[in-house]
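First the structure, in the form of structure tokens, and then the observations on it.
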Amino acid sequence: MGRVMLLPTTQRALLHRAAVAQADNRVPSLVCAVVRDGESVWTHAIEGSPDDQYRIGSLTKTFIAVLVMRLRDEGRLDLSDPVADHLDGVPAGPLAIRQLLAHTGGLPAEAPGPWWERTSGDLRPTLADVLGEHPRRHPAGQRFHYSNPGYALL
């Protein structure tokens, strides 16, 4: 199959939408793409390059939660399952998937090392890096305590 091209009118409409989105949302930089069948067929950047990467931080928790729920719906896991049933080497004791989803696993708010959003992006932590030597701050299931490491496990 040959390279898919967008019509000039479609490209102009996309450029307009990108400019309006940047102005309306007051974002300093914006990268846009159209992907068809896994191939990028159009890219555009405002105050940057199409190769720029942006950190999306805690927004990933929403995507992770949806994917975990899809796995549950497919019967591949149960929310009551211990995380260790699906991930080898979890040194935090018995934690249920539901506890990590609800930030009630008793884990710390942050990993003991540098916060990921404050690193160059090449950090690829191991479980020990994510949880540290003493990962439990509270008894699991007893209180809400926001936990980035909990979602890193998910």
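Please note that chains go A, B, ... in the order of the structure tokens, that every chain numbers its residues from 1, and that ligands are numbered from 1 in the order shown.
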Can you pull out the residues contacting range 126-133 of chain A? Cut-off 9 Å, using only C-alpha atoms, and skip same-chain residues under 4 positions away; I want them as a PyMOL selection string.
chain A and resi 89-92+107-108+110-113+148-150+152-153
Hey, what's within 8 Å of Leu154 in chain A if we count only C-alpha atoms and toss same-chain stuff fewer than 3 positions away? As a PyMOL selection string, please?
chain A and resi 64+68+83+97+100-101+150-151
Preceding selection exported with all heavy atoms as a PDB file, in the first residue's frame:
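Output (part19.pdb):
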ATOM      1  N   ILE A  64      -4.074   3.968  32.787  1.00  0.00           N
ATOM      2  CA  ILE A  64      -3.723   2.718  33.468  1.00  0.00           C
ATOM      3  C   ILE A  64      -4.962   2.099  34.112  1.00  0.00           C
ATOM      4  O   ILE A  64      -5.209   0.896  33.976  1.00  0.00           O
ATOM      5  CB  ILE A  64      -2.610   2.964  34.506  1.00  0.00           C
ATOM      6  CG1 ILE A  64      -1.303   3.266  33.782  1.00  0.00           C
ATOM      7  CG2 ILE A  64      -2.457   1.769  35.447  1.00  0.00           C
ATOM      8  CD1 ILE A  64      -0.204   3.796  34.677  1.00  0.00           C
ATOM      9  N   VAL A  68      -6.498  -1.569  33.279  1.00  0.00           N
ATOM     10  CA  VAL A  68      -6.687  -2.593  34.308  1.00  0.00           C
ATOM     11  C   VAL A  68      -8.138  -3.069  34.302  1.00  0.00           C
ATOM     12  O   VAL A  68      -8.408  -4.279  34.386  1.00  0.00           O
ATOM     13  CB  VAL A  68      -6.273  -2.063  35.696  1.00  0.00           C
ATOM     14  CG1 VAL A  68      -6.725  -3.006  36.807  1.00  0.00           C
ATOM     15  CG2 VAL A  68      -4.755  -1.866  35.766  1.00  0.00           C
ATOM     16  N   VAL A  83      -1.296  -8.281  43.620  1.00  0.00           N
ATOM     17  CA  VAL A  83      -0.477  -7.805  42.507  1.00  0.00           C
ATOM     18  C   VAL A  83       0.612  -8.825  42.187  1.00  0.00           C
ATOM     19  O   VAL A  83       0.956  -9.038  41.022  1.00  0.00           O
ATOM     20  CB  VAL A  83       0.136  -6.427  42.841  1.00  0.00           C
ATOM     21  CG1 VAL A  83       1.107  -5.983  41.762  1.00  0.00           C
ATOM     22  CG2 VAL A  83      -0.959  -5.401  43.027  1.00  0.00           C
ATOM     23  N   ILE A  97      -4.944  -5.581  43.702  1.00  0.00           N
ATOM     24  CA  ILE A  97      -5.008  -4.636  42.587  1.00  0.00           C
ATOM     25  C   ILE A  97      -5.953  -3.493  42.927  1.00  0.00           C
ATOM     26  O   ILE A  97      -5.635  -2.324  42.685  1.00  0.00           O
ATOM     27  CB  ILE A  97      -5.433  -5.364  41.299  1.00  0.00           C
ATOM     28  CG1 ILE A  97      -4.317  -6.317  40.859  1.00  0.00           C
ATOM     29  CG2 ILE A  97      -5.788  -4.378  40.200  1.00  0.00           C
ATOM     30  CD1 ILE A  97      -4.698  -7.260  39.738  1.00  0.00           C
ATOM     31  N   LEU A 100      -4.308  -0.748  44.957  1.00  0.00           N
ATOM     32  CA  LEU A 100      -3.441   0.153  44.203  1.00  0.00           C
ATOM     33  C   LEU A 100      -4.272   1.127  43.368  1.00  0.00           C
ATOM     34  O   LEU A 100      -3.941   2.313  43.288  1.00  0.00           O
ATOM     35  CB  LEU A 100      -2.482  -0.636  43.320  1.00  0.00           C
ATOM     36  CG  LEU A 100      -1.489  -1.523  44.061  1.00  0.00           C
ATOM     37  CD1 LEU A 100      -0.584  -2.236  43.070  1.00  0.00           C
ATOM     38  CD2 LEU A 100      -0.680  -0.730  45.064  1.00  0.00           C
ATOM     39  N   LEU A 101      -5.337   0.628  42.752  1.00  0.00           N
ATOM     40  CA  LEU A 101      -6.206   1.505  41.958  1.00  0.00           C
ATOM     41  C   LEU A 101      -6.790   2.636  42.802  1.00  0.00           C
ATOM     42  O   LEU A 101      -6.930   3.762  42.336  1.00  0.00           O
ATOM     43  CB  LEU A 101      -7.353   0.708  41.332  1.00  0.00           C
ATOM     44  CG  LEU A 101      -7.025  -0.128  40.112  1.00  0.00           C
ATOM     45  CD1 LEU A 101      -8.196  -1.045  39.785  1.00  0.00           C
ATOM     46  CD2 LEU A 101      -6.668   0.736  38.926  1.00  0.00           C
ATOM     47  N   GLY A 150       2.394   3.047  43.466  1.00  0.00           N
ATOM     48  CA  GLY A 150       1.304   2.092  43.314  1.00  0.00           C
ATOM     49  C   GLY A 150       0.855   1.982  41.864  1.00  0.00           C
ATOM     50  O   GLY A 150       0.618   0.874  41.359  1.00  0.00           O
ATOM     51  N   TYR A 151       0.763   3.110  41.177  1.00  0.00           N
ATOM     52  CA  TYR A 151       0.384   3.064  39.759  1.00  0.00           C
ATOM     53  C   TYR A 151       1.517   2.598  38.885  1.00  0.00           C
ATOM     54  O   TYR A 151       1.299   2.025  37.813  1.00  0.00           O
ATOM     55  CB  TYR A 151      -0.197   4.414  39.316  1.00  0.00           C
ATOM     56  CG  TYR A 151      -1.706   4.410  39.470  1.00  0.00           C
ATOM     57  CD1 TYR A 151      -2.292   4.507  40.718  1.00  0.00           C
ATOM     58  CD2 TYR A 151      -2.522   4.236  38.372  1.00  0.00           C
ATOM     59  CE1 TYR A 151      -3.662   4.448  40.869  1.00  0.00           C
ATOM     60  CE2 TYR A 151      -3.894   4.176  38.494  1.00  0.00           C
ATOM     61  CZ  TYR A 151      -4.463   4.283  39.764  1.00  0.00           C
ATOM     62  OH  TYR A 151      -5.820   4.212  39.887  1.00  0.00           O
TER      63      TYR A 151
END
Nearby residues (only C-alpha atoms) at most 10 Å from Trp42 in chain A, same-chain spacing under 4 positions excluded, as an MDAnalysis selection string:
chainID A and resid 4:6 11 14 32:36 50
Based on DSSP run over this structure's backbone, return all residues of chain A in helix (DSSP H, G or I), as JSON, numbers by chain.
{"A": [8, 9, 10, 11, 12, 13, 14, 15, 16, 17, 18, 19, 20, 21, 22, 23, 24, 25, 57, 58, 59, 60, 61, 62, 63, 64, 65, 66, 67, 68, 69, 70, 71, 72, 73, 83, 84, 85, 97, 98, 99, 100, 101, 116, 117, 118, 127, 128, 129, 130, 131, 148, 149, 150, 151, 152, 153]}
Could the residues in this selection be written to a file with C-alpha atoms, as a PDB file, in the first residue's frame?
ATOM      1  CA  PRO A   8      -4.897  20.082   1.016  1.00  0.00           C
ATOM      2  CA  THR A   9      -8.259  21.194   2.426  1.00  0.00           C
ATOM      3  CA  THR A  10      -7.920  18.634   5.226  1.00  0.00           C
ATOM      4  CA  GLN A  11      -4.381  19.832   5.974  1.00  0.00           C
ATOM      5  CA  ARG A  12      -5.566  23.479   6.114  1.00  0.00           C
ATOM      6  CA  ALA A  13      -8.421  22.496   8.450  1.00  0.00           C
ATOM      7  CA  LEU A  14      -5.975  20.643  10.731  1.00  0.00           C
ATOM      8  CA  LEU A  15      -3.576  23.616  10.779  1.00  0.00           C
ATOM      9  CA  HIS A  16      -6.471  25.885  11.744  1.00  0.00           C
ATOM     10  CA  ARG A  17      -7.622  23.514  14.509  1.00  0.00           C
ATOM     11  CA  ALA A  18      -4.073  23.322  15.879  1.00  0.00           C
ATOM     12  CA  ALA A  19      -3.708  27.123  15.934  1.00  0.00           C
ATOM     13  CA  VAL A  20      -7.095  27.573  17.620  1.00  0.00           C
ATOM     14  CA  ALA A  21      -6.337  24.854  20.174  1.00  0.00           C
ATOM     15  CA  GLN A  22      -3.033  26.480  21.057  1.00  0.00           C
ATOM     16  CA  ALA A  23      -4.590  29.931  21.407  1.00  0.00           C
ATOM     17  CA  ASP A  24      -7.751  28.835  23.249  1.00  0.00           C
ATOM     18  CA  ASN A  25      -5.858  26.646  25.702  1.00  0.00           C
ATOM     19  CA  GLY A  57       2.503  12.950  34.374  1.00  0.00           C
ATOM     20  CA  SER A  58      -0.450  11.849  36.438  1.00  0.00           C
ATOM     21  CA  LEU A  59      -2.806  11.790  33.471  1.00  0.00           C
ATOM     22  CA  THR A  60      -1.390   8.342  32.778  1.00  0.00           C
ATOM     23  CA  LYS A  61      -3.190   7.051  35.887  1.00  0.00           C
ATOM     24  CA  THR A  62      -6.516   7.381  34.080  1.00  0.00           C
ATOM     25  CA  PHE A  63      -5.247   5.321  31.156  1.00  0.00           C
ATOM     26  CA  ILE A  64      -3.723   2.718  33.468  1.00  0.00           C
ATOM     27  CA  ALA A  65      -6.958   2.387  35.444  1.00  0.00           C
ATOM     28  CA  VAL A  66      -8.979   1.933  32.241  1.00  0.00           C
ATOM     29  CA  LEU A  67      -6.560  -0.725  30.991  1.00  0.00           C
ATOM     30  CA  VAL A  68      -6.687  -2.593  34.308  1.00  0.00           C
ATOM     31  CA  MET A  69     -10.492  -2.530  34.175  1.00  0.00           C
ATOM     32  CA  ARG A  70     -10.408  -3.847  30.604  1.00  0.00           C
ATOM     33  CA  LEU A  71      -8.193  -6.722  31.742  1.00  0.00           C
ATOM     34  CA  ARG A  72     -10.737  -7.400  34.467  1.00  0.00           C
ATOM     35  CA  ASP A  73     -13.583  -7.313  31.944  1.00  0.00           C
ATOM     36  CA  VAL A  83      -0.477  -7.805  42.507  1.00  0.00           C
ATOM     37  CA  ALA A  84       2.218 -10.471  43.033  1.00  0.00           C
ATOM     38  CA  ASP A  85       0.015 -12.928  41.078  1.00  0.00           C
ATOM     39  CA  ILE A  97      -5.008  -4.636  42.587  1.00  0.00           C
ATOM     40  CA  ARG A  98      -8.071  -2.747  43.872  1.00  0.00           C
ATOM     41  CA  GLN A  99      -5.967  -1.226  46.665  1.00  0.00           C
ATOM     42  CA  LEU A 100      -3.441   0.153  44.203  1.00  0.00           C
ATOM     43  CA  LEU A 101      -6.206   1.505  41.958  1.00  0.00           C
ATOM     44  CA  TRP A 116      10.359  10.832  37.190  1.00  0.00           C
ATOM     45  CA  GLU A 117       9.025  14.136  35.932  1.00  0.00           C
ATOM     46  CA  ARG A 118      12.187  15.817  37.181  1.00  0.00           C
ATOM     47  CA  LEU A 127      10.875  -2.491  41.306  1.00  0.00           C
ATOM     48  CA  ALA A 128      13.486  -1.787  43.982  1.00  0.00           C
ATOM     49  CA  ASP A 129      13.904   1.760  42.620  1.00  0.00           C
ATOM     50  CA  VAL A 130      10.135   2.322  42.613  1.00  0.00           C
ATOM     51  CA  LEU A 131       9.415   0.941  46.074  1.00  0.00           C
ATOM     52  CA  ASN A 148       2.691   7.162  42.235  1.00  0.00           C
ATOM     53  CA  PRO A 149       4.626   3.924  42.966  1.00  0.00           C
ATOM     54  CA  GLY A 150       1.304   2.092  43.314  1.00  0.00           C
ATOM     55  CA  TYR A 151       0.384   3.064  39.759  1.00  0.00           C
ATOM     56  CA  ALA A 152       3.886   2.240  38.568  1.00  0.00           C
ATOM     57  CA  LEU A 153       3.184  -1.316  39.777  1.00  0.00           C
TER      58      LEU A 153
END
If I take CA of Ile56 in chain A and CA of Asp37 in chain A, how far is one from the other in Å, to one decimal?
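Atom-to-atom, CA of Ile56 in chain A to CA of Asp37 in chain A, that is 24.3 Å.
Between CA of Ser29 in chain A and CA of Thr43 in chain A lies a distance of 13.8 Å.
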Rounded to one decimal in Å, what is the spacing between CA of Gly141 in chain A and CA of Ser80 in chain A?
11.5 Å
When you count only C-alpha atoms, which of these residues is closest to His138 in chain A: A:Arg55, A:His44, A:Arg76, A:His103?
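Using only C-alpha atoms, the shortest distance to His138 in chain A belongs to A:His103.
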Which one of A:Glu39, A:Ala109, A:Arg136, A:Ala96 sits closest to Asp78 in chain A if you count only C-alpha atoms?
A:Ala96
